[in-house]
Amino acid sequence: MREEEPKEDFSKKALSYSKFYGGKVVVAPKVPVRSLDDFSIWYTPGVAAVSRAIEADSDLSFEYTGRWNTVAVVTDGSRVLGLGDIGPEGALPVMEGKALIYNYLGGVNAIPLPTRVKNEEELIAFVRALEPSIGGVNLEDIESPKCFDVLDRLQAEMKIPVWHDDQQGTAGVTLSALYNALELTGRKLKGSKIVLFGAGAANIAAERLLVKAGADPKDIIMLDSKGILHPEREDIDQLSLRNKWKYEVAMRTNGDRVTGGLKEALRGADALVAAAGQGPELVKADEIRVMNRHAITFFMANPVPEMLPASARAAGAEIVATGRSDYPNQVNNSLLFPAIFRGALDVRAKTITDSMVIDAATELAAFAKEKGISRNYIIPTMVQWEVYPRVAAKVGQSAVKEGVARKRLSAKESLHAAMETIEHSRKVMSTLRGSGIILDPPE
Amino acid sequence: MEIRRATKDDLAAAADLIVRVKKLNNEFDPLFAVVADVRSRADKYLGSTLEASDKLLLVAVEGQKIVGMIRAEMRERLFYEPHREGFITEFYILPEYRRKALGNDMILKASAELKKMGAQIIVAEVPSQNEIANRFYAKRGFRGLLNVFGKNP
């Protein structure tokens, strides 16, 4: 694994291949067309009977149509990757990529839907209006703090899962990696001092999930661009009006009332989760050095982590993780969201609760433990595809236990359903490539 | 929690709260942008408050920490009855100590002190756009008395 910046530039390939393929996902038939007579079944007049049945009971749409396995990947393009507000058209390639990952790793039919909206209300109205045709929503690349309110309101109003991957996905994989990192260093979540550097969507959600999973908020310190959050910070009133989520974190964390910057926050801390922006020197060696022994450090920024792993190790970090595939311990949302939705969709879940995400994170960690965790392996890699059906099954069962599943599957049924769908998806890919329908890119 | 008249030793902490409330007002209305030397002005302002017999400065104290303050002064309404006003000019509690009935207790204490000073009516002044303050006073039986309109010329 490399220890310095990557030498390959993927940008040229992305531009050339995107033009070659003209799109990453496609709508394909799922039913046979044996002759044109079949259209009388799939379309008019036969389809009227199906429509009438669904009109009498709208939940039948989950049984008689593809809705059950369809997720809309929605963005307004207001904060796309590290590019900022590039608008819906600019966001489309990213949403297509997301849809591809959903489909390949989770067997989910994901539809990229960037939308041009003027404000939060229009975005909420757009997503709400999609509900009858989909099984779930993945919100993506929406600027903070708008994204918090959008997620909260849609989750409250809709009867299908609404997921903001930048929040919940990142929080989930962070929790999963932290479980094993803490265990390796002889610690537990409760009682560990955790510093969250960056107060955007990822860490705001991480704080909430960590606390739900058992961390003590008084042992958590969060920082934004102005420094450590605490109840008497100079701008606390402004926060209460402009960003109630960050305000609530400021009010309930940091029991010792530490003030100052990152070095002060990290003094004696067990773990650092940095989701603060592009590195490689956003976090400095002397800041890592003041951490507790056997320090755990996650640097989540992509493509350039807040600190490079070699530098963190040299400064004394025992366990280092990033969001990149070319370093050990890739903490990547793609390990979670395809499986989360696979599990939720299989049971026709009405929502994705924090408990479902915690159960998913726990299963992800358990999988890695079975393989043998070490300082360079605290979380599964994406090539270990068997982890997806396992996590999916756990999520499905979690939904059943919480009473949010429309379809009550047993544990065995959940695993079988997830395995079958994900294996099918992989088979489709190999068949399409093998038959030349999907060509390899030109060199 | 103790609510008492401020002493000289309390002035620095109380001035800090004055600065916070002025900045909070700015959040509601750009026509209340705070001056650069707001802190030194707050220090002088409260210093002269303590020295005046027709002015009142109360602080809420938890342990050694000042968590809230209320400043008021007696005013004469030249043309109206009742003519002696106990006029609350600034009122602020740190966010951590809100929603715990402290605001209510401070208003009651201030009203009682102002009554002893001769107040026949208790009045509080807040920027019109400060919805939090508007709701706070409305809940406690206050109603609007005067509208002040402003614009950039």
# chains A, B, ... in the order shown; residues from 1 in each chain; ligands from 1
call {"tool": "closest_atom_pairs", "arguments": {"of": "chain A", "to": "chain B", "cutoff": "12 Å", "atoms": "only C-alpha atoms", "output": "JSON lines"}}
result
{"residue": "A:His230", "atom": "CA", "partner": "B:Glu96", "partner_atom": "CA", "distance": 9.9}
{"residue": "A:Pro231", "atom": "CA", "partner": "B:Glu96", "partner_atom": "CA", "distance": 6.2}
{"residue": "A:Glu232", "atom": "CA", "partner": "B:Leu94", "partner_atom": "CA", "distance": 7.3}
{"residue": "A:Arg233", "atom": "CA", "partner": "B:Leu94", "partner_atom": "CA", "distance": 10.1}
{"residue": "A:Glu234", "atom": "CA", "partner": "B:Arg20", "partner_atom": "CA", "distance": 7.4}
{"residue": "A:Asp235", "atom": "CA", "partner": "B:Arg20", "partner_atom": "CA", "distance": 8.3}
{"residue": "A:Ile236", "atom": "CA", "partner": "B:Pro95", "partner_atom": "CA", "distance": 7.6}
{"residue": "A:Asp237", "atom": "CA", "partner": "B:Leu24", "partner_atom": "CA", "distance": 6.2}
{"residue": "A:Gln238", "atom": "CA", "partner": "B:Glu27", "partner_atom": "CA", "distance": 6.6}
{"residue": "A:Leu239", "atom": "CA", "partner": "B:Glu27", "partner_atom": "CA", "distance": 10.0}
{"residue": "A:Ser240", "atom": "CA", "partner": "B:Pro95", "partner_atom": "CA", "distance": 8.5}
{"residue": "A:Leu241", "atom": "CA", "partner": "B:Glu27", "partner_atom": "CA", "distance": 8.0}
{"residue": "A:Arg242", "atom": "CA", "partner": "B:Glu27", "partner_atom": "CA", "distance": 9.0}
{"residue": "A:Tyr247", "atom": "CA", "partner": "B:Pro95", "partner_atom": "CA", "distance": 9.8}
{"residue": "A:Glu248", "atom": "CA", "partner": "B:Glu96", "partner_atom": "CA", "distance": 10.3}
{"residue": "A:Ala250", "atom": "CA", "partner": "B:Glu96", "partner_atom": "CA", "distance": 9.9}
{"residue": "A:Met251", "atom": "CA", "partner": "B:Glu96", "partner_atom": "CA", "distance": 6.8}
{"residue": "A:Arg252", "atom": "CA", "partner": "B:Glu96", "partner_atom": "CA", "distance": 9.4}
call {"tool": "residues_around", "arguments": {"residues": "Glu73 of chain B", "least_positions_apart": "3", "cutoff": "7 Å", "atoms": "only C-alpha atoms", "output": "ChimeraX atom specification"}}
result
/B:54-56,86-88
call {"tool": "write_last_selection", "arguments": {"atoms": "C-alpha atoms", "output": "mmCIF file, in the first residue's frame"}}
result
data_model
loop_
_atom_site.group_PDB
_atom_site.id
_atom_site.type_symbol
_atom_site.label_atom_id
_atom_site.label_comp_id
_atom_site.auth_asym_id
_atom_site.auth_seq_id
_atom_site.Cartn_x
_atom_site.Cartn_y
_atom_site.Cartn_z
ATOM 1 C CA ASP B 54 -32.326 55.351 39.056
ATOM 2 C CA LYS B 55 -30.741 52.393 37.252
ATOM 3 C CA LEU B 56 -30.740 48.688 38.025
ATOM 4 C CA GLY B 86 -39.314 50.794 34.880
ATOM 5 C CA PHE B 87 -37.622 50.344 31.526
ATOM 6 C CA ILE B 88 -35.724 47.098 30.810
#
call {"tool": "closest_residue", "arguments": {"among": "A:Ala177, A:Ala418, A:Ile438, A:Ile319", "to": "Val331 of chain A", "atoms": "only C-alpha atoms"}}
result
A:Ala177
call {"tool": "residues_around", "arguments": {"residues": "Gly63 of chain B", "least_positions_apart": "3", "cutoff": "9 Å", "atoms": "only C-alpha atoms", "output": "list in words"}}
result
Met1, Glu2 and Ile66 of chain B
call {"tool": "residues_around", "arguments": {"residues": "segment 112-119 of chain A", "least_positions_apart": "2", "cutoff": "8 Å", "atoms": "only C-alpha atoms", "output": "mmCIF file with N, CA and C atoms, in the first residue's frame"}}
result
data_model
loop_
_atom_site.group_PDB
_atom_site.id
_atom_site.type_symbol
_atom_site.label_atom_id
_atom_site.label_comp_id
_atom_site.auth_asym_id
_atom_site.auth_seq_id
_atom_site.Cartn_x
_atom_site.Cartn_y
_atom_site.Cartn_z
ATOM 1 N N ALA A 72 -34.293 6.351 -5.522
ATOM 2 C CA ALA A 72 -33.964 7.590 -6.225
ATOM 3 C C ALA A 72 -32.731 8.205 -5.579
ATOM 4 N N VAL A 73 -31.747 8.534 -6.382
ATOM 5 C CA VAL A 73 -30.537 9.195 -5.881
ATOM 6 C C VAL A 73 -30.690 10.678 -6.226
ATOM 7 N N VAL A 74 -31.008 11.468 -5.214
ATOM 8 C CA VAL A 74 -31.451 12.845 -5.444
ATOM 9 C C VAL A 74 -30.435 13.849 -4.918
ATOM 10 N N THR A 75 -30.187 14.863 -5.692
ATOM 11 C CA THR A 75 -29.345 15.975 -5.243
ATOM 12 C C THR A 75 -29.845 17.266 -5.870
ATOM 13 N N ASP A 76 -29.501 18.385 -5.242
ATOM 14 C CA ASP A 76 -29.724 19.675 -5.886
ATOM 15 C C ASP A 76 -28.387 20.241 -6.391
ATOM 16 N N GLY A 77 -27.335 19.429 -6.236
ATOM 17 C CA GLY A 77 -26.028 19.841 -6.738
ATOM 18 C C GLY A 77 -25.392 20.961 -5.950
ATOM 19 N N GLY A 87 -24.294 22.631 -9.268
ATOM 20 C CA GLY A 87 -25.586 22.515 -9.917
ATOM 21 C C GLY A 87 -25.934 21.096 -10.328
ATOM 22 N N PRO A 88 -27.197 20.887 -10.728
ATOM 23 C CA PRO A 88 -27.678 19.527 -10.974
ATOM 24 C C PRO A 88 -27.010 18.823 -12.161
ATOM 25 N N GLU A 89 -26.784 19.549 -13.252
ATOM 26 C CA GLU A 89 -26.154 18.865 -14.395
ATOM 27 C C GLU A 89 -24.749 18.403 -14.026
ATOM 28 N N ALA A 91 -23.740 17.605 -11.193
ATOM 29 C CA ALA A 91 -23.838 16.510 -10.223
ATOM 30 C C ALA A 91 -24.215 15.185 -10.871
ATOM 31 N N LEU A 92 -24.728 15.230 -12.079
ATOM 32 C CA LEU A 92 -25.264 14.010 -12.699
ATOM 33 C C LEU A 92 -24.245 12.877 -12.808
ATOM 34 N N MET A 95 -24.007 11.236 -9.455
ATOM 35 C CA MET A 95 -25.196 10.464 -9.088
ATOM 36 C C MET A 95 -25.260 9.167 -9.891
ATOM 37 N N GLU A 96 -24.808 9.225 -11.143
ATOM 38 C CA GLU A 96 -24.753 8.003 -11.954
ATOM 39 C C GLU A 96 -23.792 7.006 -11.319
ATOM 40 N N LYS A 98 -22.996 6.811 -8.199
ATOM 41 C CA LYS A 98 -23.644 6.289 -6.995
ATOM 42 C C LYS A 98 -24.636 5.196 -7.354
ATOM 43 N N ALA A 99 -25.409 5.437 -8.405
ATOM 44 C CA ALA A 99 -26.397 4.458 -8.847
ATOM 45 C C ALA A 99 -25.717 3.160 -9.252
ATOM 46 N N ALA A 110 -31.081 1.799 -8.833
ATOM 47 C CA ALA A 110 -30.962 3.185 -8.385
ATOM 48 C C ALA A 110 -31.038 4.102 -9.595
ATOM 49 N N GLU A 121 -37.604 24.159 0.295
ATOM 50 C CA GLU A 121 -39.005 23.746 0.195
ATOM 51 C C GLU A 121 -39.267 23.034 -1.123
ATOM 52 N N GLU A 122 -38.688 23.549 -2.191
ATOM 53 C CA GLU A 122 -38.885 22.912 -3.509
ATOM 54 C C GLU A 122 -38.231 21.536 -3.533
ATOM 55 N N LEU A 123 -37.066 21.420 -2.914
ATOM 56 C CA LEU A 123 -36.383 20.119 -2.890
ATOM 57 C C LEU A 123 -37.224 19.095 -2.130
#
call {"tool": "atom_distance", "arguments": {"atom1": "atom CA of Leu178 of chain A", "atom2": "atom CA of Val258 of chain A"}}
result
22.9 Å
call {"tool": "residues_around", "arguments": {"residues": "segment 222-227 of chain A", "least_positions_apart": "2", "cutoff": "6 Å", "atoms": "only C-alpha atoms", "output": "NGL selection string"}}
result
:A and (195-199 or 229 or 260-261)
call {"tool": "residues_around", "arguments": {"residues": "Ile379 of chain A", "least_positions_apart": "3", "cutoff": "8 Å", "atoms": "only C-alpha atoms", "output": "PyMOL selection string"}}
result
chain A and resi 176-177+180+329-331+364-365+368+373
call {"tool": "residues_around", "arguments": {"residues": "segment 302-304 of chain A", "least_positions_apart": "3", "cutoff": "9 Å", "atoms": "only C-alpha atoms", "output": "list in words"}}
result
Glu5, Leu81, Gly82, Gly277, Gln278, Gly279, Pro280, Phe299, Met307, Leu308, Thr322, Gly323 and Arg324 of chain A
call {"tool": "select_by_dssp", "arguments": {"residues": "segment 220-355 of chain A", "states": "strand (DSSP E)", "output": "list in words"}}
result
Ile220, Ile221, Met222, Leu223, Asp224, Gly227, Ile228, Ala271, Leu272, Val273, Ala274, Ala295, Ile296, Thr297, Phe298, Phe299, Ala317, Glu318, Ile319, Val320, Ala321 and Thr322 of chain A
